[in-house]
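> File query_32.txt below, compact mmCIF, C-alpha atoms:
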# COMPACT_ATOMS: atom_id res chain seq x y z
CA MET A 212 0.00 0.00 0.00
CA ASP A 213 1.24 3.46 -0.87
CA SER A 214 2.30 5.27 2.33
CA LEU A 215 0.67 8.48 1.08
CA ARG A 216 -2.76 6.85 0.90
CA ASP A 217 -5.06 6.57 3.88
CA PRO A 218 -5.29 2.98 5.06
CA ALA A 219 -8.54 1.20 4.29
CA PRO A 220 -11.10 1.89 7.00
CA ARG A 221 -12.13 -0.85 9.40
CA ARG A 222 -15.15 1.08 10.69
CA VAL A 223 -17.22 3.55 8.73
CA LEU A 224 -19.54 5.81 10.72
CA LEU A 225 -22.47 7.04 8.64
CA ALA A 226 -24.11 10.02 10.30
CA VAL A 227 -27.57 10.36 8.81
CA ASP A 228 -30.61 12.46 9.68
CA GLN A 229 -33.08 10.13 7.89
CA ARG A 230 -34.18 12.72 5.35
CA SER A 231 -34.57 11.69 1.75
CA THR A 232 -31.67 14.01 0.90
CA ALA A 233 -29.28 11.66 2.72
CA LYS A 234 -29.42 9.04 -0.06
CA GLY A 235 -26.06 10.04 -1.53
CA ALA A 236 -24.29 9.70 1.83
CA VAL A 237 -25.95 6.32 2.46
CA ASP A 238 -24.88 5.07 -0.97
CA GLU A 239 -21.31 6.28 -0.45
CA ALA A 240 -20.98 4.77 3.04
CA ILE A 241 -22.24 1.37 1.91
CA ARG A 242 -20.00 1.46 -1.17
CA LEU A 243 -16.95 2.40 0.92
CA ALA A 244 -17.61 -0.25 3.57
CA ARG A 245 -18.21 -2.93 0.94
CA THR A 246 -15.15 -2.03 -1.13
CA ASP A 247 -12.84 -1.95 1.90
CA GLY A 248 -14.41 -4.79 3.89
CA ALA A 249 -15.23 -2.39 6.72
CA GLU A 250 -18.01 -2.50 9.28
CA LEU A 251 -20.71 0.15 8.90
CA VAL A 252 -22.13 1.95 11.93
CA VAL A 253 -25.23 4.02 11.14
CA LEU A 254 -25.71 6.92 13.57
CA SER A 255 -28.82 9.08 13.90
CA VAL A 256 -29.11 11.87 16.44
CA VAL A 257 -32.24 12.90 18.30
CA GLU A 258 -31.94 16.67 18.33
CA ARG A 259 -34.29 18.32 20.80
CA SER A 260 -34.96 21.28 18.50
CA ASN A 261 -36.34 18.85 15.88
CA LEU A 262 -39.12 17.76 18.24
CA HIS A 263 -41.21 20.87 17.51
CA LEU A 264 -43.78 20.47 14.76
CA PRO A 265 -45.73 23.15 12.87
CA GLY A 266 -48.74 24.50 14.73
CA GLY A 267 -47.09 24.42 18.15
CA LEU A 268 -47.24 20.62 18.41
CA THR A 269 -44.34 18.57 19.68
CA ARG A 270 -43.11 15.06 19.03
CA ARG A 271 -42.01 13.05 22.04
CA VAL A 272 -38.40 11.91 22.26
CA ASP A 273 -39.47 8.25 22.11
CA GLN A 274 -41.46 8.93 18.94
CA GLU A 275 -38.47 10.61 17.32
CA ARG A 276 -36.17 7.80 18.47
CA ASP A 277 -38.56 5.22 16.97
CA ARG A 278 -38.71 7.13 13.68
CA LEU A 279 -34.93 7.36 13.46
CA ALA A 280 -34.48 3.70 14.45
CA ALA A 281 -36.85 2.55 11.69
CA GLY A 282 -34.86 4.50 9.11
CA ALA A 283 -31.53 3.27 10.47
CA ARG A 284 -32.74 -0.35 10.41
CA SER A 285 -33.66 0.12 6.76
CA ILE A 286 -30.12 1.32 5.97
CA VAL A 287 -28.60 -1.55 7.96
CA ASP A 288 -30.76 -4.06 6.05
CA ARG A 289 -29.66 -2.54 2.75
CA ALA A 290 -26.00 -2.68 3.79
CA ARG A 291 -26.31 -6.30 4.89
CA GLU A 292 -27.92 -7.19 1.55
CA ALA A 293 -24.79 -5.71 -0.06
CA GLY A 294 -22.60 -7.95 2.10
CA VAL A 295 -21.60 -5.33 4.66
CA ALA A 296 -21.56 -5.97 8.41
CA ALA A 297 -23.70 -3.17 9.82
CA THR A 298 -25.35 -1.92 12.99
CA TYR A 299 -27.00 1.29 14.13
CA LEU A 300 -26.99 3.72 17.04
CA ILE A 301 -29.45 6.39 18.11
CA TRP A 302 -27.91 9.07 20.34
CA GLU A 303 -29.32 12.31 21.72
CA GLY A 304 -27.64 15.71 21.65
CA ASP A 305 -26.19 18.38 19.43
CA PRO A 306 -25.65 16.71 16.04
CA ALA A 307 -22.07 17.84 15.39
CA GLU A 308 -20.80 17.11 18.90
CA THR A 309 -22.68 13.81 19.04
CA ILE A 310 -21.19 12.68 15.72
CA LEU A 311 -17.71 13.47 17.03
CA GLU A 312 -18.34 11.66 20.33
CA ALA A 313 -19.76 8.61 18.55
CA SER A 314 -16.87 8.48 16.10
CA SER A 315 -14.47 8.33 19.01
CA ALA A 316 -16.52 5.83 21.05
CA GLU A 317 -16.97 3.58 18.02
CA CYS A 318 -13.33 3.88 16.88
CA ALA A 319 -14.39 5.08 13.44
CA ASP A 320 -11.70 5.37 10.80
CA VAL A 321 -13.89 7.51 8.57
CA ILE A 322 -17.11 9.51 8.98
CA VAL A 323 -19.52 9.83 6.06
CA LEU A 324 -22.24 12.46 6.17
CA GLY A 325 -24.32 14.48 3.80
CA SER A 326 -24.61 18.22 3.53
CA ARG A 327 -27.69 20.19 2.63
CA PRO A 328 -27.81 23.56 0.94
CA ARG A 329 -27.65 26.27 3.59
CA THR A 330 -31.03 27.91 3.86
CA ASP A 331 -31.02 28.64 7.60
CA ILE A 332 -29.48 32.06 8.30
CA ARG A 333 -28.06 30.80 11.63
CA LYS A 334 -26.11 28.09 9.83
CA LEU A 335 -24.70 30.63 7.40
CA PHE A 336 -23.07 32.44 10.31
CA LEU A 337 -22.49 29.65 12.82
CA GLY A 338 -21.53 26.87 10.41
CA SER A 339 -23.11 23.60 9.44
CA VAL A 340 -22.84 20.22 11.10
CA SER A 341 -20.72 18.90 8.22
CA SER A 342 -18.26 21.81 8.35
CA HIS A 343 -17.88 21.52 12.14
CA VAL A 344 -17.30 17.76 11.95
CA THR A 345 -14.84 18.17 9.07
CA ARG A 346 -12.81 20.76 10.99
CA THR A 347 -12.62 18.85 14.28
CA ALA A 348 -12.91 15.11 13.62
CA PRO A 349 -10.00 12.92 14.67
CA CYS A 350 -10.40 10.83 11.51
CA ARG A 351 -11.07 11.24 7.81
CA VAL A 352 -14.44 12.80 6.89
CA ILE A 353 -16.30 12.39 3.61
CA VAL A 354 -19.04 14.93 2.99
CA VAL A 355 -21.49 14.00 0.25
CA PRO A 356 -23.41 16.96 -1.15
CA ASN A 357 -27.15 16.36 -1.44
As structure tokens - that is how I would like this structure written.

Amino acid sequence: MDSLRDPAPRRVLLAVDQRSTAKGAVDEAIRLARTDGAELVVLSVVERSNLHLPGGLTRRVDQERDRLAAGARSIVDRAREAGVAATYLIWEGDPAETILEASSAECADVIVLGSRPRTDIRKLFLGSVSSHVTRTAPCRVIVVPN
């Protein structure tokens, strides 16, 4: 192996928010894990600010956790059909910090995540999850534009 190349990952952490726009990141993570014989860990984060629905309604944490788990199980099933060892995690917290914590706890060699077009004015000034993770992750990060 060329010493200038990154070694093949043993664990790929896919950070996914379960939106339809995450398809590219899911495809890339499964492809990478399959090509390199790595294990895939699918991570979704329950973000408290996402529990508020239009009209002043709220979704309970357990409902959001169940929704994310169903989506993560679907990705795991798809990865396994492709011959990839896969599992999933549902954590609570700030998405960027939680992705970083999970990547460390799970000994990830690479993090794969998608990025959405910036439409939220706060994110324009404060930065996106993908840019924060890219700047501070202890491992390689692949950002797939959606």
> Please indicate the distance in Å from atom CA of Gly235 of chain A to atom CA of Ile286 of chain A, rounded to one decimal place.
12.2 Å
> Quick one: residues within 8 Å of Glu317 of chain A, only C-alpha atoms counted, chain neighbours fewer than 3 positions away excluded, as a PyMOL selection string?
chain A and resi 222+313-314
> Write the residues you've just listed into a file as a PDB file, in the frame of the given file, and include C-alpha atoms for each of them.

ATOM      1  CA  ARG A 222     -15.150   1.080  10.690  1.00  0.00           C
ATOM      2  CA  ALA A 313     -19.760   8.610  18.550  1.00  0.00           C
ATOM      3  CA  SER A 314     -16.870   8.480  16.100  1.00  0.00           C
TER       4      SER A 314
END
> Which residues come within 10 Å of Cys318 of chain A, counting all atoms listed in the file, excluding same-chain residues fewer than 6 positions away, as a short mmCIF file (atom, residue, chain, number, x, y, z; two decimals) with C-alpha atoms, in the coordinates of the input?

data_model
loop_
_atom_site.label_atom_id
_atom_site.label_comp_id
_atom_site.auth_asym_id
_atom_site.auth_seq_id
_atom_site.Cartn_x
_atom_site.Cartn_y
_atom_site.Cartn_z
CA ARG A 221 -12.13 -0.85 9.40
CA ARG A 222 -15.15 1.08 10.69
CA VAL A 223 -17.22 3.55 8.73
CA LEU A 224 -19.54 5.81 10.72
CA GLU A 312 -18.34 11.66 20.33
CA PRO A 349 -10.00 12.92 14.67
CA CYS A 350 -10.40 10.83 11.51
#
> Applying 12 Å and only C-alpha atoms, which residues near Ala296 of chain A remain after dropping the ones on its own chain fewer than 6 positions away? List them as a list in words.
Arg221, Arg222, Val223, Ile241, Ala244, Arg245, Asp247, Gly248, Ala249, Glu250, Leu251, Val252, Val253, Ile286, Val287, Asp288, Arg289 and Ala290 of chain A
> Do you have the atom CA of Asp228 of chain A-atom CA of Ala293 of chain A distance handy?
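For atom CA of Asp228 of chain A relative to atom CA of Ala293 of chain A, the distance reads 21.4 Å.
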> Counting all atoms listed in the file, which of A:Gly282, A:Ser255, A:Val355, A:Ala348 gets nearest to Ala319 of chain A?
A:Ala348
> Quick one: distance from atom CA of Ser339 of chain A to atom CA of Ala233 of chain A in Å, one decimal?
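Taking atom CA of Ser339 of chain A and atom CA of Ala233 of chain A, their separation equals 15.0 Å.
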> Quick one: of A:Val323, A:Ser342, A:Arg259, A:Arg351, who's nearest to Glu239 of chain A, counting only C-alpha atoms?
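Answer, going by the shortest atom-to-atom distance: A:Val323.
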> Please determine, counting all atoms listed in the file, which residue among A:Ala226, A:Ile353, A:His343, A:Pro218 has the shortest atom-to-atom distance to Tyr299 of chain A.
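Among the listed residues, the smallest separation from Tyr299 of chain A belongs to A:Ala226.
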> Excluding Glu303 of chain A and its own-chain neighbours fewer than 5 positions away, which residues fall within 7 Å of it when counting only C-alpha atoms? Please give them as a ChimeraX atom specification.
/A:256-258
> So, counting all atoms listed in the file, which residue among A:Ala280, A:Leu225, A:Leu311, A:Val321 is closest to Asp238 of chain A?
A:Leu225
> Can you report as AutoDock Vina command-line options the centre and edge lengths in Å, to one decimal, of an axis-aligned box around the listed atoms of segment 313-324 of chain A padded with 8 Å on each side?

--center_x -17.0 --center_y 8.0 --center_z 13.6 --size_x 26.5 --size_y 24.9 --size_z 31.0
> Calculated over only C-alpha atoms, which of the candidates A:Val352, A:Leu279, A:Val272, A:Glu308 has the smallest distance to Asp320 of chain A?
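Under the stated criterion, the closest residue is A:Val352.
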